[in-house]
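Have a look at structure04.txt; it's compact mmCIF, C-alpha atoms:
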# COMPACT_ATOMS: atom_id res chain seq x y z
CA ALA A 27 -46.15 -126.11 82.61
CA THR A 28 -45.90 -125.68 78.83
CA VAL A 29 -46.10 -128.94 76.87
CA SER A 30 -42.84 -129.57 75.01
CA ASP A 31 -42.82 -129.86 71.22
CA ASP A 32 -41.25 -133.32 71.51
CA ALA A 33 -44.02 -134.56 73.81
CA ALA A 34 -46.71 -133.10 71.54
CA ARG A 35 -45.21 -134.84 68.49
CA LEU A 36 -45.03 -138.19 70.27
CA GLU A 37 -48.61 -137.90 71.52
CA GLN A 38 -49.86 -137.08 68.01
CA MET A 39 -47.91 -139.98 66.49
CA ALA A 40 -49.44 -142.34 69.04
CA ARG A 41 -52.96 -141.00 68.40
CA ASP A 42 -52.45 -141.55 64.69
CA GLN A 43 -51.86 -145.20 65.63
CA GLY A 44 -54.95 -145.38 67.84
CA LEU A 45 -53.04 -145.15 71.13
CA GLU A 46 -52.80 -142.75 74.06
CA LEU A 47 -49.37 -142.51 75.65
CA GLY A 48 -50.63 -141.27 79.01
CA LEU A 49 -47.53 -139.12 79.62
CA THR A 50 -47.02 -137.87 83.16
CA PRO A 51 -46.87 -134.09 83.78
CA GLY A 52 -43.09 -134.27 84.02
CA GLN A 53 -42.78 -136.15 80.75
CA ARG A 54 -45.04 -133.65 78.95
CA ALA A 55 -43.41 -130.53 80.38
CA ALA A 56 -41.02 -128.38 78.39
CA PRO A 57 -37.63 -128.17 80.13
CA GLU A 58 -37.62 -124.36 80.23
CA GLY A 59 -38.86 -122.34 83.21
CA PHE A 60 -41.48 -123.93 85.45
CA GLY A 61 -41.49 -127.03 83.24
CA GLY A 62 -37.92 -127.77 84.26
CA PHE A 63 -38.99 -127.64 87.90
CA VAL A 64 -41.86 -130.04 87.19
CA LYS A 65 -39.59 -132.51 85.37
CA GLY A 66 -36.90 -132.37 88.05
CA THR A 67 -39.39 -132.78 90.89
CA GLU A 68 -41.04 -135.77 89.24
CA GLU A 69 -37.72 -137.49 88.55
CA ALA A 70 -36.71 -136.97 92.19
CA LEU A 71 -40.04 -138.18 93.59
CA GLU A 72 -39.99 -141.45 91.67
CA ASN A 73 -36.79 -142.50 93.46
CA ILE A 74 -37.99 -142.00 97.03
CA PRO A 75 -39.91 -144.56 99.14
CA GLY A 76 -43.51 -144.61 97.96
CA GLY A 77 -42.59 -143.46 94.47
CA THR A 78 -43.52 -146.75 92.79
CA PRO A 79 -46.91 -145.53 91.41
CA LEU A 80 -45.11 -142.67 89.67
CA LYS A 81 -42.48 -145.07 88.32
CA LEU A 82 -45.22 -147.34 87.01
CA ALA A 83 -46.94 -144.43 85.27
CA ARG A 84 -43.70 -143.32 83.60
CA GLN A 85 -42.92 -146.89 82.62
CA SER A 86 -46.42 -147.41 81.18
CA SER A 87 -46.11 -144.38 78.91
CA MET A 88 -42.77 -145.61 77.58
CA ALA A 89 -44.30 -149.03 76.90
CA LYS A 90 -47.09 -147.36 74.90
CA TRP A 91 -44.49 -145.37 72.96
CA ASN A 92 -42.74 -148.65 72.07
CA GLN A 93 -46.02 -150.06 70.78
CA ALA A 94 -46.77 -146.86 68.83
CA GLU A 95 -43.31 -146.95 67.18
CA MET A 96 -43.90 -150.54 66.04
CA ARG A 97 -47.34 -149.68 64.66
CA ASP A 98 -45.96 -146.63 62.89
CA ALA A 99 -43.36 -148.79 61.12
CA LEU A 100 -46.04 -151.04 59.59
CA PRO A 101 -48.36 -150.38 56.64
CA ALA A 102 -51.51 -148.67 57.89
CA ASP A 103 -53.71 -151.74 57.40
CA LEU A 104 -51.36 -153.90 59.52
CA ALA A 105 -50.73 -151.45 62.38
CA GLU A 106 -53.40 -152.83 64.71
CA SER A 107 -51.76 -156.26 64.51
CA VAL A 108 -49.41 -154.99 67.23
CA THR A 109 -51.43 -155.12 70.46
CA THR A 110 -48.58 -154.85 72.98
CA ASN A 111 -44.93 -153.87 73.39
CA GLY A 112 -41.79 -155.94 73.96
CA PRO A 113 -40.85 -159.23 72.29
CA LYS A 114 -44.49 -160.22 71.84
CA GLY A 115 -45.23 -157.01 69.95
CA MET A 116 -42.14 -157.54 67.78
CA GLU A 117 -43.32 -161.05 66.93
CA GLN A 118 -46.81 -159.75 66.08
CA ALA A 119 -45.25 -157.22 63.67
CA ARG A 120 -43.01 -159.86 62.10
CA LYS A 121 -45.91 -162.25 61.53
CA ALA A 122 -48.07 -159.48 60.04
CA LEU A 123 -45.36 -158.50 57.54
CA SER A 124 -44.61 -162.12 56.66
CA ALA A 125 -48.29 -162.85 56.03
CA ALA A 126 -48.60 -159.71 53.90
CA TYR A 127 -45.61 -160.84 51.84
CA ASP A 128 -47.25 -164.24 51.34
CA ASP A 129 -50.47 -162.57 50.23
CA VAL A 130 -48.64 -160.56 47.57
CA LEU A 131 -46.40 -163.30 46.24
CA GLY A 132 -48.64 -166.30 46.80
CA ASP A 133 -50.36 -165.95 43.43
CA ILE A 134 -47.14 -166.23 41.43
CA PRO A 135 -46.85 -169.80 40.09
CA ALA A 136 -43.66 -171.33 38.73
CA GLY A 137 -43.06 -170.57 35.08
CA ARG A 138 -44.33 -166.98 35.08
CA ILE A 139 -40.95 -165.44 35.82
CA HIS A 140 -38.52 -165.30 32.91
CA ALA A 141 -34.94 -164.06 33.03
CA SER A 142 -34.91 -161.09 30.65
CA GLN A 143 -31.72 -159.93 28.96
CA GLU A 144 -31.65 -156.94 31.31
CA VAL A 145 -31.72 -159.27 34.34
CA LEU A 146 -29.02 -161.48 32.85
CA ASP A 147 -26.84 -158.42 32.27
CA SER A 148 -27.37 -157.30 35.87
CA LEU A 149 -26.38 -160.74 37.17
CA ALA A 150 -23.28 -160.69 34.97
CA ASP A 151 -22.31 -157.26 36.36
CA LEU A 152 -22.67 -158.52 39.93
CA GLU A 153 -20.65 -161.63 39.10
CA ASN A 154 -17.85 -159.43 37.72
CA MET A 155 -17.98 -157.31 40.88
CA ILE A 156 -17.59 -160.42 43.03
CA VAL A 157 -14.61 -161.63 40.99
CA SER A 158 -12.81 -158.28 41.06
CA ARG A 159 -13.66 -156.82 44.48
CA ILE A 160 -14.68 -159.52 46.97
CA ASP A 161 -12.23 -161.19 49.35
CA GLU A 162 -11.02 -164.63 48.24
CA SER A 163 -12.44 -166.34 51.35
CA THR A 164 -15.97 -165.15 50.53
CA LYS A 165 -15.85 -165.15 46.73
CA PRO A 166 -16.74 -168.85 46.02
CA LYS A 167 -19.83 -168.77 48.24
CA MET A 168 -21.17 -165.57 46.65
CA LEU A 169 -20.52 -166.78 43.10
CA LYS A 170 -22.46 -169.95 43.95
CA GLU A 171 -25.41 -167.87 45.16
CA VAL A 172 -25.48 -165.90 41.90
CA GLN A 173 -25.32 -169.16 39.95
CA ASN A 174 -28.17 -170.71 41.95
CA LEU A 175 -30.39 -167.65 41.42
CA PHE A 176 -29.62 -167.68 37.69
CA GLU A 177 -30.48 -171.39 37.41
CA ASP A 178 -33.80 -170.90 39.21
CA MET A 179 -34.71 -168.07 36.84
CA TYR A 180 -33.48 -169.75 33.67
CA SER A 181 -35.23 -173.03 34.41
CA GLN A 182 -38.42 -171.11 35.34
CA LYS A 183 -38.54 -172.71 38.80
CA LEU A 184 -39.13 -169.42 40.61
CA ASP A 185 -42.53 -169.05 42.24
CA GLY A 186 -43.85 -166.78 44.98
CA ARG A 187 -42.43 -168.92 47.80
CA ASN A 188 -38.94 -169.06 46.28
CA LEU A 189 -38.96 -165.33 45.59
CA LYS A 190 -39.76 -164.58 49.21
CA GLU A 191 -36.96 -166.85 50.43
CA TRP A 192 -34.41 -165.31 48.06
CA GLU A 193 -35.49 -161.78 49.02
CA ARG A 194 -35.25 -162.52 52.76
CA THR A 195 -31.83 -164.16 52.39
CA PHE A 196 -30.30 -161.33 50.36
CA ARG A 197 -31.85 -158.61 52.55
CA GLN A 198 -30.47 -160.14 55.76
CA LYS A 199 -27.02 -160.71 54.25
CA ALA A 200 -26.88 -157.13 52.98
CA GLU A 201 -27.77 -155.87 56.48
CA ARG A 202 -25.09 -158.00 58.16
CA ALA A 203 -22.42 -157.06 55.63
CA GLY A 204 -23.27 -153.37 55.87
CA LYS A 205 -23.12 -153.35 59.67
CA GLY A 206 -19.79 -155.14 59.52
CA GLY A 207 -18.32 -152.57 57.16
CA ASP A 208 -18.08 -154.97 54.18
CA ILE A 209 -19.14 -152.32 51.67
CA GLN A 210 -18.63 -154.29 48.47
CA GLU A 211 -20.28 -157.44 49.83
CA ALA A 212 -23.30 -155.43 51.01
CA GLU A 213 -23.56 -153.79 47.59
CA VAL A 214 -23.60 -157.18 45.84
CA TYR A 215 -26.33 -158.56 48.10
CA ARG A 216 -28.40 -155.41 47.70
CA GLY A 217 -28.04 -155.80 43.94
CA LEU A 218 -29.22 -159.40 44.09
CA ARG A 219 -32.14 -158.45 46.29
CA ASP A 220 -33.10 -155.66 43.84
CA ILE A 221 -33.09 -158.18 40.97
CA VAL A 222 -35.45 -160.47 42.90
CA ALA A 223 -37.75 -157.54 43.77
CA GLN A 224 -37.70 -156.37 40.14
CA GLN A 225 -38.70 -159.81 38.91
CA ALA A 226 -41.59 -159.94 41.36
CA GLU A 227 -42.79 -156.44 40.43
CA GLU A 228 -42.79 -157.23 36.71
CA VAL A 229 -45.14 -160.18 37.30
CA LEU A 230 -47.34 -158.51 39.93
CA GLY A 231 -48.28 -155.38 38.04
CA PRO A 232 -48.49 -151.81 39.42
CA GLN A 233 -50.79 -152.49 42.38
CA GLY A 234 -48.92 -155.57 43.60
CA ALA A 235 -45.56 -153.87 43.01
CA ASN A 236 -46.60 -150.89 45.14
CA ARG A 237 -47.70 -153.19 47.93
CA LEU A 238 -44.41 -155.06 47.76
CA ARG A 239 -42.44 -151.81 48.05
CA GLU A 240 -44.60 -150.76 51.01
CA ILE A 241 -43.81 -154.03 52.81
CA ASP A 242 -40.11 -153.71 51.99
CA ALA A 243 -40.06 -150.20 53.50
CA SER A 244 -41.69 -151.54 56.66
CA TYR A 245 -39.04 -154.24 57.00
CA ALA A 246 -36.38 -151.52 56.85
CA GLN A 247 -38.18 -149.44 59.51
CA MET A 248 -38.62 -152.44 61.80
CA ALA A 249 -34.91 -153.39 61.74
CA PRO A 250 -33.69 -150.75 64.26
CA LEU A 251 -36.75 -151.34 66.48
CA ARG A 252 -35.92 -155.05 66.51
CA ASP A 253 -32.28 -154.35 67.39
CA ALA A 254 -33.24 -151.86 70.12
CA GLY A 255 -35.49 -154.50 71.68
CA ALA A 256 -32.64 -157.02 71.64
CA TYR A 257 -30.44 -155.16 74.15
CA THR A 258 -30.10 -156.93 77.49
CA GLY A 259 -31.82 -154.14 79.39
CA ALA A 260 -34.68 -153.96 76.88
CA ILE A 261 -35.28 -157.71 77.06
CA THR A 262 -35.25 -157.60 80.88
CA GLU A 263 -37.69 -154.69 81.12
CA GLY A 264 -39.82 -155.61 78.10
CA MET A 265 -39.24 -152.31 76.29
CA PHE A 266 -36.50 -150.20 74.74
CA THR A 267 -35.51 -146.66 75.68
CA PRO A 268 -34.91 -143.71 73.33
CA SER A 269 -31.14 -144.05 73.77
CA GLN A 270 -31.33 -147.74 72.85
CA LEU A 271 -33.35 -146.88 69.72
CA ARG A 272 -30.80 -144.22 68.79
CA SER A 273 -27.94 -146.67 69.31
CA ALA A 274 -29.71 -149.34 67.25
CA GLY A 275 -30.37 -146.80 64.50
CA ASN A 276 -26.68 -145.95 64.38
CA LYS A 277 -25.83 -149.64 64.22
CA ASN A 278 -28.25 -150.14 61.32
CA GLN A 279 -26.52 -147.41 59.36
CA SER A 280 -23.90 -149.24 57.39
CA GLN A 281 -20.73 -147.34 56.59
CA TRP A 282 -21.65 -146.99 52.92
CA ASN A 283 -24.92 -145.12 53.56
CA LYS A 284 -24.07 -143.11 56.67
CA ALA A 285 -22.82 -140.23 54.56
CA THR A 286 -26.03 -139.97 52.54
CA ALA A 287 -28.78 -139.87 55.17
CA ARG A 288 -29.39 -140.22 58.88
CA ASN A 289 -31.35 -143.31 59.84
CA PRO A 290 -34.85 -142.10 60.87
CA ALA A 291 -34.61 -144.27 64.01
CA VAL A 292 -31.68 -142.17 65.23
CA GLN A 293 -33.73 -138.99 65.01
CA ARG A 294 -36.75 -140.64 66.64
CA GLY A 295 -34.58 -141.69 69.57
CA ILE A 296 -33.19 -138.16 69.86
CA ASP A 297 -36.71 -136.66 69.78
CA ALA A 298 -38.03 -139.05 72.45
CA GLU A 299 -35.13 -138.77 74.89
CA PRO A 300 -36.17 -135.38 76.39
CA VAL A 301 -39.58 -136.91 77.13
CA PHE A 302 -38.65 -140.32 78.53
CA GLY A 303 -35.00 -139.91 79.51
CA SER A 304 -32.16 -142.19 78.50
CA THR A 305 -32.31 -144.93 81.13
CA ILE A 306 -34.16 -148.20 81.50
CA PRO A 307 -37.42 -147.87 83.47
CA ARG A 308 -36.83 -149.48 86.84
CA VAL A 309 -39.76 -150.77 88.85
CA GLY A 310 -39.71 -153.42 91.54
CA PRO A 311 -36.86 -155.50 92.99
CA GLY A 312 -33.90 -156.88 91.12
CA THR A 313 -32.46 -153.80 89.42
CA ALA A 314 -29.32 -153.72 91.55
CA GLU A 315 -28.84 -157.44 91.02
CA LYS A 316 -29.18 -157.04 87.24
CA LEU A 317 -26.63 -154.24 87.18
CA ALA A 318 -24.28 -156.26 89.37
CA ALA A 319 -24.52 -159.21 86.97
CA GLN A 320 -23.75 -156.95 84.01
CA ALA A 321 -20.80 -155.41 85.85
CA MET A 322 -19.46 -158.81 86.96
CA ALA A 323 -19.67 -160.21 83.42
CA GLY A 324 -17.87 -157.22 81.91
CA GLY A 325 -15.29 -157.08 84.68
CA ALA A 326 -14.52 -160.79 84.46
CA ALA A 327 -14.16 -160.67 80.66
CA ASN A 328 -11.75 -157.72 80.78
CA THR A 329 -9.71 -159.25 83.62
CA ILE A 330 -9.37 -162.58 81.78
CA ALA A 331 -8.23 -160.74 78.67
CA SER A 332 -5.62 -158.86 80.72
CA MET A 333 -4.44 -162.07 82.38
CA ALA A 334 -3.84 -163.56 78.95
CA SER A 335 -1.38 -160.76 78.27
CA GLY A 336 0.33 -161.37 81.61
CA ASP A 337 -0.81 -158.21 83.39
CA ALA A 338 -4.08 -157.94 85.30
CA GLY A 339 -5.20 -155.72 88.15
CA ILE A 340 -8.24 -154.27 89.87
CA ASP A 341 -8.36 -151.47 87.28
CA ASP A 342 -8.95 -154.07 84.56
CA PHE A 343 -11.97 -155.41 86.42
CA ALA A 344 -13.36 -151.93 87.02
CA VAL A 345 -12.96 -150.89 83.38
CA GLY A 346 -14.73 -154.07 82.22
CA ALA A 347 -17.48 -153.65 84.81
CA LEU A 348 -18.25 -150.12 83.66
CA GLY A 349 -18.19 -151.24 80.04
CA GLY A 350 -20.48 -154.19 80.83
CA ILE A 351 -23.10 -151.87 82.31
CA ALA A 352 -22.83 -149.46 79.38
CA ILE A 353 -23.07 -152.14 76.67
CA ALA A 354 -25.92 -154.04 78.36
CA ASN A 355 -27.97 -150.86 78.51
CA GLY A 356 -27.45 -149.93 74.87
CA LEU A 357 -24.99 -147.10 75.42
CA PRO A 358 -22.32 -146.57 72.76
CA LEU A 359 -18.77 -146.96 74.05
CA MET A 360 -16.48 -144.00 73.41
CA ARG A 361 -13.40 -146.10 72.80
CA ARG A 362 -11.03 -143.34 71.70
CA PRO A 363 -8.82 -142.46 74.75
CA ILE A 364 -8.22 -138.90 75.80
CA PHE A 365 -4.57 -137.86 76.01
CA GLY A 366 -3.17 -138.61 79.47
CA GLU A 367 -6.24 -140.60 80.51
CA THR A 368 -5.89 -143.87 82.41
CA ALA A 369 -7.82 -146.97 81.39
CA LEU A 370 -10.06 -146.65 84.44
CA GLN A 371 -10.81 -143.00 83.72
CA GLY A 372 -11.76 -144.05 80.18
CA GLY A 373 -14.03 -146.75 81.56
CA ILE A 374 -15.79 -144.23 83.77
CA ARG A 375 -16.19 -141.92 80.78
CA ASN A 376 -17.75 -144.77 78.77
CA ALA A 377 -20.34 -145.39 81.46
CA GLN A 378 -20.87 -141.71 82.25
CA PRO A 379 -24.19 -141.35 80.35
CA PHE A 380 -25.65 -144.19 82.42
CA PHE A 381 -24.50 -142.81 85.76
CA ASP A 382 -25.40 -139.27 84.77
CA SER A 383 -28.96 -140.40 84.22
CA LEU A 384 -29.03 -141.77 87.76
CA GLY A 385 -27.65 -138.48 89.03
CA ARG A 386 -24.97 -140.28 91.02
CA LEU A 387 -21.65 -139.69 89.32
CA ARG A 388 -21.93 -136.20 87.85
CA PRO A 389 -20.55 -134.35 90.94
CA TYR A 390 -17.48 -136.58 91.03
CA LEU A 391 -16.40 -136.58 87.38
CA ALA A 392 -15.17 -133.00 87.36
CA THR A 393 -13.03 -133.46 90.50
CA GLY A 394 -11.51 -136.85 89.76
CA ALA A 395 -13.00 -138.26 92.95
CA ALA A 396 -14.75 -140.89 90.83
CA LEU A 397 -11.62 -143.04 91.01
CA SER A 398 -11.88 -143.40 94.77
CA GLN A 399 -15.68 -143.68 94.58
Output the structure of this file as structure tokens.
Amino acid sequence: ATVSDDAARLEQMARDQGLELGLTPGQRAAPEGFGGFVKGTEEALENIPGGTPLKLARQSSMAKWNQAEMRDALPADLAESVTTNGPKGMEQARKALSAAYDDVLGDIPAGRIHASQEVLDSLADLENMIVSRIDESTKPKMLKEVQNLFEDMYSQKLDGRNLKEWERTFRQKAERAGKGGDIQEAEVYRGLRDIVAQQAEEVLGPQGANRLREIDASYAQMAPLRDAGAYTGAITEGMFTPSQLRSAGNKNQSQWNKATARNPAVQRGIDAEPVFGSTIPRVGPGTAEKLAAQAMAGGAANTIASMASGDAGIDDFAVGALGGIAIANGLPLMRRPIFGETALQGGIRNAQPFFDSLGRLRPYLATGAALSQ
């Protein structure tokens, strides 16, 4: 069968990172013509008795892809720090970036950073933005943060360690505010983080400044990988799927930058999905039990919420159960109801991508028999 363009790109990306994905014939095959037959046959064979070796091979290639994605997000000289996938690989990447940050900023002693008039003007602009645009409940805390940063700069207390702590704090707060839709708050924290980075770059010189920007870019690339690995299914299986990476990429796109550019993680998830599929690799016992626990948790939560409003039924449990499975496996919920659709039909539609991937629900959705199923 012809090798698909998506598979060829993934294999080349992995080779660039010193890894071989070891894709199975079905994963490498283009979906057209005979390749579609190869892919379909392989996906069917892995689910029959005796198909475990094939499942393991498909799972192993996805694990290597996870590792390659983490390496690709790091500066070239740090890539080989990631020797595995899963939480351990994420921790290796985090430690490598943190150590690189220390190496860059560690030589900056207190007293070398001075608050220029340009920096003072930038701080004043951000302070005015807080006063005029930020909610009253958040305003005092943010004004205090600006004041503390100003005092550290003015008193010449800032050194490499303090700069790193300020940068990390502002970067994380900007991410959280952006994801939560707090556009103005995210803009303020990004402005504060830019001031800290600018101060560091002025002291470091061109070479150190370039290294700092390289590390900053890697932090941004690692964020969706970290979030994809935090889904329940990804933690359980020790790896994330393309659909989980795509979902995490969408989550990392705050509302104020969605209109300007697509998060690269979203596109990477889209490119990898034809190769690996959209579901969690399932090998060995316990999968049914995991799904049951996810369904029970979601069903119980939705039923309790309905009881609080004085009206609960079996449909409420079913809707929550389907939602629990979808959320735990990193699938985005399509919350907008379709005209004339019942709550249970909406719940089935939310979980449809998951069941479609198992090939179990597709025949029933068109006929409405899914309700009785």
Would you mind listing what lies within 9 Å of A:Leu152 as a list in words, with all atoms listed in the file counted and same-chain residues fewer than 2 positions away left out?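 In the requested form, the answer reads Asp147, Ser148, Leu149, Ala150, Asn154, Met155, Ile156, Val157, Val172, Val214, Tyr215, Gly217 and Leu218 of chain A.
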Best match for closeness to A:Val229 among A:Glu171, A:Asp208, A:Glu37, A:Asp185, counting only C-alpha atoms: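 For A:Val229, the nearest of the given residues is A:Asp185.
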Between atom CA of A:Leu131 and atom CA of A:Glu228, what is the spacing in Å?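 Pair atom CA of A:Glu228 / atom CA of A:Leu131 returns 11.9 Å.
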Extract, using all atoms listed in the file, all DNA, RNA and protein residues at most 12 Å from stretch 196-206 of chain A, discarding same-chain residues fewer than 4 positions from it, and format them as JSON, numbers by chain. {"A": [160, 164, 168, 171, 172, 175, 189, 190, 191, 192, 210, 211, 212, 213, 214, 215, 216, 217, 218, 219, 220, 221, 222, 223, 242, 243, 245, 246, 249, 250, 253, 274, 275, 276, 277, 278, 279, 280, 281, 282, 283, 284]}
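Note that atom CA of A:Leu238 and atom CA of A:Ser142 are 20.5 Å apart.
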Atom CA of A:Arg272 to atom CA of A:Thr78, distance in Å rounded to a single decimal: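 Separation between atom CA of A:Arg272 and atom CA of A:Thr78: 27.3 Å.
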Near stretch 47-53 of chain A, counting all atoms listed in the file, which residues have an atom at most 9 Å away, once you skip same-chain residues fewer than 5 positions from it, shown as a PyMOL selection string? chain A and resi 27+29-30+33+36-37+40-41+61-69+80+83-84+86-91+94+300-303
Do you know which residues are at most 9 Å from A:Gln118 counting only C-alpha atoms, after dropping those on the same chain fewer than 5 positions away, and could you put them as a ChimeraX atom specification? /A:107-110,113,123
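Nearest to A:Thr28 of all the residues A:Gly112, A:Gly295, A:Gly59, A:Gly44 is A:Gly59, counting all atoms listed in the file.
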